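So this block is structure.pdb, PDB, C-alpha atoms:
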ATOM      1  CA  MET V 220     -42.421  25.860   1.062
ATOM      2  CA  THR V 221     -39.641  27.113  -1.157
ATOM      3  CA  SER V 222     -36.356  25.308  -1.608
ATOM      4  CA  ASP V 223     -34.673  28.189   0.236
ATOM      5  CA  GLU V 224     -36.902  27.644   3.268
ATOM      6  CA  LEU V 225     -36.337  23.901   3.206
ATOM      7  CA  TYR V 226     -32.603  24.490   2.985
ATOM      8  CA  VAL V 227     -32.635  26.837   5.976
ATOM      9  CA  GLY V 228     -34.495  24.090   7.841
ATOM     10  CA  LEU V 229     -31.785  21.600   6.898
ATOM     11  CA  VAL V 230     -29.036  23.942   8.087
ATOM     12  CA  LEU V 231     -30.938  24.524  11.341
ATOM     13  CA  LEU V 232     -31.219  20.750  11.830
ATOM     14  CA  VAL V 233     -27.462  20.407  11.329
ATOM     15  CA  GLY V 234     -26.969  23.250  13.815
ATOM     16  CA  LEU V 235     -29.207  21.466  16.321
ATOM     17  CA  GLU V 236     -27.203  18.277  15.792
ATOM     18  CA  ARG V 237     -24.034  20.260  16.542
ATOM     19  CA  LEU V 238     -25.543  21.501  19.799
ATOM     20  CA  VAL V 239     -26.311  17.904  20.791
ATOM     21  CA  GLU V 240     -22.682  17.044  19.976
ATOM     22  CA  LEU V 241     -21.507  19.826  22.268
ATOM     23  CA  VAL V 242     -23.622  18.472  25.127
ATOM     24  CA  VAL V 243     -22.172  14.981  24.622
ATOM     25  CA  SER V 244     -18.678  16.421  24.272
ATOM     26  CA  GLU V 245     -18.913  18.462  27.456
ATOM     27  CA  ARG V 246     -20.134  15.442  29.420
ATOM     28  CA  ASN V 247     -17.244  13.393  28.044
ATOM     29  CA  ARG V 248     -14.746  16.228  28.659
ATOM     30  CA  ARG V 249     -15.686  16.378  32.330
ATOM     31  CA  TRP V 250     -15.435  12.593  32.642
ATOM     32  CA  SER V 251     -12.054  12.485  30.887
ATOM     33  CA  LEU V 252     -10.589  15.229  33.056
ATOM     34  CA  ALA V 253     -11.885  13.481  36.185
ATOM     35  CA  GLN V 254     -10.016  10.337  35.016
ATOM     36  CA  GLY V 255      -6.747  12.292  34.748
ATOM     37  CA  GLY V 256      -7.137  13.228  31.085
ATOM     38  CA  VAL V 257      -4.855  15.853  29.637
ATOM     39  CA  GLU V 258      -6.066  18.386  27.082
ATOM     40  CA  THR V 259      -3.801  19.570  24.293
ATOM     41  CA  GLY V 260      -4.453  21.913  21.407
ATOM     42  CA  ALA V 261      -6.763  24.227  23.305
ATOM     43  CA  ARG V 262      -5.399  27.229  21.385
ATOM     44  CA  HIS V 263      -6.844  26.101  18.058
ATOM     45  CA  TYR V 264     -10.244  25.143  19.514
ATOM     46  CA  PRO V 265     -11.826  28.641  19.225
ATOM     47  CA  ALA V 266     -10.812  28.771  15.548
ATOM     48  CA  MET V 267     -12.442  25.392  14.998
ATOM     49  CA  VAL V 268     -15.668  26.565  16.646
ATOM     50  CA  ALA V 269     -15.678  29.767  14.587
ATOM     51  CA  LEU V 270     -15.073  27.844  11.376
ATOM     52  CA  HIS V 271     -17.953  25.459  12.018
ATOM     53  CA  VAL V 272     -20.343  28.253  12.990
ATOM     54  CA  GLY V 273     -19.170  30.104   9.871
ATOM     55  CA  LEU V 274     -20.079  27.101   7.747
ATOM     56  CA  LEU V 275     -23.675  27.162   8.951
ATOM     57  CA  VAL V 276     -24.003  30.928   8.672
ATOM     58  CA  GLY V 277     -22.282  30.979   5.283
ATOM     59  CA  CYS V 278     -24.670  28.364   3.913
ATOM     60  CA  VAL V 279     -27.735  30.432   4.755
ATOM     61  CA  VAL V 280     -26.287  33.833   3.879
ATOM     62  CA  GLU V 281     -24.851  32.785   0.526
ATOM     63  CA  VAL V 282     -28.101  31.174  -0.605
ATOM     64  CA  ALA V 283     -30.091  34.272   0.430
ATOM     65  CA  VAL V 284     -27.717  37.003  -0.744
ATOM     66  CA  ALA V 285     -26.431  35.410  -3.952
ATOM     67  CA  ASP V 286     -29.818  33.856  -4.776
ATOM     68  CA  ARG V 287     -28.313  30.394  -5.212
ATOM     69  CA  PRO V 288     -30.742  27.936  -6.799
ATOM     70  CA  PHE V 289     -31.462  24.363  -5.817
ATOM     71  CA  LEU V 290     -30.204  22.195  -8.656
ATOM     72  CA  PRO V 291     -31.641  18.694  -8.242
ATOM     73  CA  TRP V 292     -28.757  16.964 -10.067
ATOM     74  CA  LEU V 293     -26.362  18.468  -7.482
ATOM     75  CA  GLY V 294     -28.571  18.987  -4.443
ATOM     76  CA  TRP V 295     -29.919  15.477  -3.993
ATOM     77  CA  PRO V 296     -26.533  13.701  -4.125
ATOM     78  CA  MET V 297     -25.091  16.325  -1.761
ATOM     79  CA  LEU V 298     -27.987  15.788   0.647
ATOM     80  CA  ALA V 299     -27.219  12.058   0.588
ATOM     81  CA  LEU V 300     -23.589  12.878   1.463
ATOM     82  CA  VAL V 301     -24.706  15.169   4.315
ATOM     83  CA  ILE V 302     -26.790  12.328   5.740
ATOM     84  CA  ALA V 303     -23.943   9.839   5.264
ATOM     85  CA  SER V 304     -21.548  12.209   7.058
ATOM     86  CA  GLN V 305     -23.943  12.421  10.013
ATOM     87  CA  VAL V 306     -24.200   8.634  10.157
ATOM     88  CA  LEU V 307     -20.401   8.326  10.111
ATOM     89  CA  ARG V 308     -20.024  11.038  12.768
ATOM     90  CA  TRP V 309     -22.435   9.311  15.147
ATOM     91  CA  TRP V 310     -20.817   5.950  14.458
ATOM     92  CA  CYS V 311     -17.545   7.543  15.606
ATOM     93  CA  ILE V 312     -19.198   9.029  18.681
ATOM     94  CA  GLY V 313     -20.792   5.699  19.568
ATOM     95  CA  THR V 314     -17.569   3.766  18.996
ATOM     96  CA  LEU V 315     -15.421   6.100  21.100
ATOM     97  CA  GLY V 316     -18.019   6.403  23.852
ATOM     98  CA  ARG V 317     -16.696   8.532  26.709
ATOM     99  CA  GLN V 318     -13.441   9.101  24.838
ATOM    100  CA  TRP V 319     -15.183  11.150  22.134
ATOM    101  CA  CYS V 320     -14.830  14.887  22.566
ATOM    102  CA  THR V 321     -14.615  17.973  20.380
ATOM    103  CA  ARG V 322     -11.425  18.802  22.239
ATOM    104  CA  VAL V 323      -8.195  16.788  22.211
ATOM    105  CA  ILE V 324      -8.127  15.030  25.579
ATOM    106  CA  VAL V 325      -6.174  11.861  26.203
ATOM    107  CA  VAL V 326      -6.777   9.761  29.297
ATOM    108  CA  PRO V 327      -3.630   7.859  30.305
ATOM    109  CA  GLY V 328      -4.174   4.143  30.665
ATOM    110  CA  LEU V 329      -7.122   3.843  28.316
ATOM    111  CA  PRO V 330      -6.536   1.575  25.337
ATOM    112  CA  ALA V 331      -6.587   3.014  21.839
ATOM    113  CA  VAL V 332      -9.899   2.481  20.090
ATOM    114  CA  THR V 333      -9.554   0.225  17.065
ATOM    115  CA  GLY V 334     -13.147  -0.862  16.461
ATOM    116  CA  GLY V 335     -15.992   0.569  14.412
ATOM    117  CA  PRO V 336     -14.875   2.922  11.659
ATOM    118  CA  TYR V 337     -11.445   3.170  13.328
ATOM    119  CA  ARG V 338     -10.816  -0.353  12.081
ATOM    120  CA  TRP V 339     -10.421   1.084   8.564
ATOM    121  CA  LEU V 340      -9.696   4.796   8.947
ATOM    122  CA  ARG V 341      -7.309   6.671  11.203
ATOM    123  CA  HIS V 342      -9.539   9.737  11.590
ATOM    124  CA  PRO V 343     -13.052   8.864  10.386
ATOM    125  CA  ASN V 344     -14.687  11.728  12.282
ATOM    126  CA  TYR V 345     -12.635  14.192  10.244
ATOM    127  CA  LEU V 346     -13.725  12.474   7.049
ATOM    128  CA  ALA V 347     -17.306  13.165   8.155
ATOM    129  CA  VAL V 348     -16.416  16.825   8.756
ATOM    130  CA  VAL V 349     -14.729  17.161   5.357
ATOM    131  CA  VAL V 350     -17.657  15.587   3.501
ATOM    132  CA  GLU V 351     -20.253  17.629   5.377
ATOM    133  CA  GLY V 352     -18.197  20.790   4.845
ATOM    134  CA  PHE V 353     -18.485  20.667   1.079
ATOM    135  CA  ALA V 354     -21.772  18.773   0.762
ATOM    136  CA  LEU V 355     -23.975  20.904   3.031
ATOM    137  CA  PRO V 356     -23.347  24.143   1.109
ATOM    138  CA  LEU V 357     -23.634  22.392  -2.243
ATOM    139  CA  VAL V 358     -27.103  21.064  -1.393
ATOM    140  CA  HIS V 359     -28.223  24.546  -2.482
ATOM    141  CA  THR V 360     -25.227  25.496  -4.682
ATOM    142  CA  ALA V 361     -23.494  27.672  -2.067
ATOM    143  CA  TRP V 362     -20.174  26.982  -3.754
ATOM    144  CA  VAL V 363     -18.289  29.927  -2.228
ATOM    145  CA  THR V 364     -19.083  28.667   1.282
ATOM    146  CA  ALA V 365     -18.092  25.138   0.263
ATOM    147  CA  LEU V 366     -14.778  26.356  -1.142
ATOM    148  CA  VAL V 367     -13.886  28.691   1.736
ATOM    149  CA  PHE V 368     -14.799  26.128   4.390
ATOM    150  CA  THR V 369     -12.928  23.335   2.621
ATOM    151  CA  VAL V 370      -9.700  25.337   2.318
ATOM    152  CA  ALA V 371      -9.864  26.749   5.870
ATOM    153  CA  ASN V 372     -10.793  23.336   7.252
ATOM    154  CA  ALA V 373      -7.828  21.712   5.475
ATOM    155  CA  VAL V 374      -5.484  24.149   7.225
ATOM    156  CA  LEU V 375      -7.158  23.586  10.586
ATOM    157  CA  LEU V 376      -7.265  19.805  10.219
ATOM    158  CA  ARG V 377      -3.558  19.730   9.502
ATOM    159  CA  ILE V 378      -2.979  21.373  12.883
ATOM    160  CA  ARG V 379      -5.678  19.341  14.631
ATOM    161  CA  ILE V 380      -4.566  15.918  13.389
ATOM    162  CA  ALA V 381      -0.915  16.668  14.209
ATOM    163  CA  THR V 382      -2.021  17.708  17.703
ATOM    164  CA  GLU V 383      -3.957  14.474  18.187
ATOM    165  CA  GLU V 384      -1.129  12.342  16.863
ATOM    166  CA  ARG V 385       1.337  13.981  19.280
ATOM    167  CA  ALA V 386      -1.070  13.632  22.207
ATOM    168  CA  LEU V 387      -1.745   9.973  21.505
ATOM    169  CA  GLY V 388       1.922   9.304  20.779
ATOM    170  CA  SER V 389       2.899  10.702  24.150
ATOM    171  CA  LEU V 390       0.987   7.897  25.834
ATOM    172  CA  SER V 391       3.404   5.232  24.682
ATOM    173  CA  GLY V 392       6.486   7.378  25.060
ATOM    174  CA  ALA V 393       7.966   5.992  21.861
ATOM    175  CA  GLY V 394       5.459   6.654  19.167
ATOM    176  CA  ARG V 395       1.754   6.559  18.721
ATOM    177  CA  PRO V 396      -0.370   3.794  20.228
ATOM    178  CA  PRO V 397      -1.951   1.509  17.659
ATOM    179  CA  GLY V 398      -5.244   3.133  16.865
ATOM    180  CA  PRO V 399      -6.869   6.459  16.338
ATOM    181  CA  ARG V 400      -8.966   8.408  18.726
TER     182      ARG V 400
END

Produce structure tokens that represent the structure in this file.
Amino acid sequence: MTSDELYVGLVLLVGLERLVELVVSERNRRWSLAQGGVETGARHYPAMVALHVGLLVGCVVEVAVADRPFLPWLGWPMLALVIASQVLRWWCIGTLGRQWCTRVIVVPGLPAVTGGPYRWLRHPNYLAVVVEGFALPLVHTAWVTALVFTVANAVLLRIRIATEERALGSLSGAGRPPGPR
């Protein structure tokens, strides 16, 4: 197998992982809404989906069209970061349990989660997204995809995090509850 073929396999595995996330998220979305959860930020959700699909497509297309090589000194460390980002993401999902969702949904009355990675970071899931967003393309030197995703994601995360902070802050009425989602 060529490095290009192995890389496409890696991107497909990440895509499969994303589909599993969507299944978990949908289950948790239904549960949260049934508990009286309120969704905010629905307008930016389609842009987020498009950006993440674009990351996967961009990785494959850039490597194929621009004939990007696999550079071991770059590719192996980036692969380690991709794996670490997946571990962090699933740690977040496991820690939040039914409260984890790809949408911003807050269930009144539930305590803020302060365990797991949320003990140290306010938004650890977004750290996983940021790391994966530059590392996955750079596994096979798709630097244009890494750059475009990173810049677009920074803009989107600014909106997304502000939306979450407002939603969580509305629970206490006078500021944000003590702990990230």

For Leu275 in chain V, please output as number ranges by chain all residues within 10 Å (counting only C-alpha atoms; exclusion window: fewer than 4 positions along the same chain).
-> V: 227, 230-231, 233-234, 270-271, 279-280, 352, 355-356, 364

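The coordinates place CA of Pro336 in chain V at 18.7 Å from CA of Val323 in chain V.
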
Pick from V:Leu229, V:Cys311, V:Met267, V:Glu236 nearest to Trp339 in chain V, counting all atoms listed in the file =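 Closest to Trp339 in chain V of all the choices is V:Cys311.
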
Find the residues with any atom within 9 Å of (-20.0, 17.1, 1.6); use only C-alpha atoms and the coordinates as given in the file, and write the answer as a PyMOL selection string.
-> chain V and resi 297-301+304+347-358+365

Which residue of V:Arg322, V:Thr369, V:Leu293, V:Leu376 approaches Glu258 in chain V most closely, using all atoms listed in the file =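 Residue with the minimum atom-to-atom distance to Glu258 in chain V: V:Arg322.
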
For each of V:His342, V:Ala283, V:Val363, V:Glu240, take the minimum atom-to-atom distance to Arg377 in chain V, counting only C-alpha atoms, then give the residue where this is smallest.
-> V:His342

Enclosing box along x, y and z for every listed atom of range 330-349 of chain V, padded 3 Å each side, centre and size in Å, one decimal, as JSON:
{"center_x": -11.9, "center_y": 8.1, "center_z": 15.3, "size_x": 16.8, "size_y": 24.0, "size_z": 26.0}

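Once the PyMOL selection byres ((chain V and resi 261) around 12) is applied to this file, the selection holds Val257, Glu258, Thr259, Gly260, Arg262, His263, Tyr264, Pro265, Ala266, Met267, Val268, Thr321, Arg322, Val323, Ile324, Ile378, Arg379, Thr382 and Glu383 of chain V.
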
Between V:Tyr226, V:Gly277, V:Val326, V:Arg237, single out the one closest to Arg249 in chain V, counting all atoms listed in the file.
->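 That would be V:Val326, the residue with the smallest distance to Arg249 in chain V.
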
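A straight line drawn from CA of Trp362 in chain V to CA of Trp309 in chain V is 26.0 Å long.
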
Any idea what the distance is between CA of Ser251 in chain V and CA of Cys320 in chain V?
-> 9.1 Å

Could you tell me which residues the PyMOL selection byres ((chain V and resi 327) around 12) grabs in this file, written as a list of chain:residue names?
-> V:Ser251, V:Leu252, V:Ala253, V:Gln254, V:Gly255, V:Gly256, V:Val257, V:Glu258, V:Gln318, V:Ile324, V:Val325, V:Val326, V:Gly328, V:Leu329, V:Pro330, V:Ala331, V:Ala386, V:Leu387, V:Gly388, V:Ser389, V:Leu390, V:Ser391, V:Gly392, V:Pro396

Nearest to Leu290 in chain V among V:Gly273, V:Ser244, V:Ser222, V:Val332, with distances taken over only C-alpha atoms: which residue is it?
->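 When distances to Leu290 in chain V are compared using only C-alpha atoms, the smallest one comes from V:Ser222.
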
Hey, can you pull every residue with an atom no more than 12 Å from (-10.3, 1.8, 13.6), using only C-alpha atoms, and send it as a PyMOL selection string?
-> chain V and resi 310-311+314-315+331-344+397-400

Is there a way to complete range 258-278 of chain V with N, CA, C and O atoms and then write that out as a compact mmCIF listing (two decimals), in the frame of the given file?
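The resulting out22.txt:
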# COMPACT_ATOMS: atom_id res chain seq x y z
N GLU V 258 -5.65 17.72 28.32
CA GLU V 258 -6.07 18.39 27.08
C GLU V 258 -4.86 19.03 26.41
O GLU V 258 -4.02 19.64 27.06
N THR V 259 -4.80 18.88 25.10
CA THR V 259 -3.80 19.57 24.29
C THR V 259 -4.53 20.26 23.14
O THR V 259 -5.65 19.90 22.80
N GLY V 260 -3.88 21.24 22.56
CA GLY V 260 -4.45 21.91 21.41
C GLY V 260 -5.57 22.88 21.71
O GLY V 260 -6.35 23.23 20.83
N ALA V 261 -5.66 23.33 22.93
CA ALA V 261 -6.76 24.23 23.30
C ALA V 261 -6.71 25.55 22.53
O ALA V 261 -7.75 26.18 22.31
N ARG V 262 -5.51 25.94 22.09
CA ARG V 262 -5.40 27.23 21.38
C ARG V 262 -6.12 27.23 20.04
O ARG V 262 -6.60 28.27 19.61
N HIS V 263 -6.17 26.11 19.36
CA HIS V 263 -6.84 26.10 18.06
C HIS V 263 -8.35 25.83 18.17
O HIS V 263 -9.07 25.96 17.19
N TYR V 264 -8.83 25.48 19.35
CA TYR V 264 -10.24 25.14 19.51
C TYR V 264 -11.19 26.30 19.16
O TYR V 264 -12.17 26.09 18.44
N PRO V 265 -10.92 27.54 19.61
CA PRO V 265 -11.83 28.64 19.23
C PRO V 265 -11.89 28.84 17.70
O PRO V 265 -12.97 29.15 17.17
N ALA V 266 -10.79 28.65 17.01
CA ALA V 266 -10.81 28.77 15.55
C ALA V 266 -11.68 27.69 14.93
O ALA V 266 -12.41 27.92 13.96
N MET V 267 -11.62 26.50 15.50
CA MET V 267 -12.44 25.39 15.00
C MET V 267 -13.93 25.70 15.20
O MET V 267 -14.74 25.49 14.30
N VAL V 268 -14.28 26.21 16.36
CA VAL V 268 -15.67 26.56 16.65
C VAL V 268 -16.13 27.65 15.67
O VAL V 268 -17.21 27.54 15.07
N ALA V 269 -15.32 28.67 15.49
CA ALA V 269 -15.68 29.77 14.59
C ALA V 269 -15.85 29.26 13.16
O ALA V 269 -16.79 29.67 12.45
N LEU V 270 -14.98 28.38 12.72
CA LEU V 270 -15.07 27.84 11.38
C LEU V 270 -16.37 27.06 11.18
O LEU V 270 -17.06 27.21 10.16
N HIS V 271 -16.74 26.26 12.15
CA HIS V 271 -17.95 25.46 12.02
C HIS V 271 -19.23 26.31 12.12
O HIS V 271 -20.21 26.03 11.41
N VAL V 272 -19.22 27.32 12.95
CA VAL V 272 -20.34 28.25 12.99
C VAL V 272 -20.40 29.01 11.66
O VAL V 272 -21.48 29.19 11.08
N GLY V 273 -19.24 29.41 11.16
CA GLY V 273 -19.17 30.10 9.87
C GLY V 273 -19.72 29.28 8.73
O GLY V 273 -20.34 29.82 7.80
N LEU V 274 -19.51 27.98 8.78
CA LEU V 274 -20.08 27.10 7.75
C LEU V 274 -21.60 27.22 7.73
O LEU V 274 -22.20 27.43 6.67
N LEU V 275 -22.22 27.11 8.88
CA LEU V 275 -23.68 27.16 8.95
C LEU V 275 -24.21 28.53 8.53
O LEU V 275 -25.16 28.62 7.74
N VAL V 276 -23.58 29.58 9.03
CA VAL V 276 -24.00 30.93 8.67
C VAL V 276 -23.78 31.17 7.18
O VAL V 276 -24.65 31.71 6.48
N GLY V 277 -22.60 30.78 6.69
CA GLY V 277 -22.28 30.98 5.28
C GLY V 277 -23.26 30.29 4.35
O GLY V 277 -23.64 30.84 3.31
N CYS V 278 -23.69 29.09 4.73
CA CYS V 278 -24.67 28.36 3.91
C CYS V 278 -25.94 29.19 3.72
O CYS V 278 -26.41 29.38 2.60
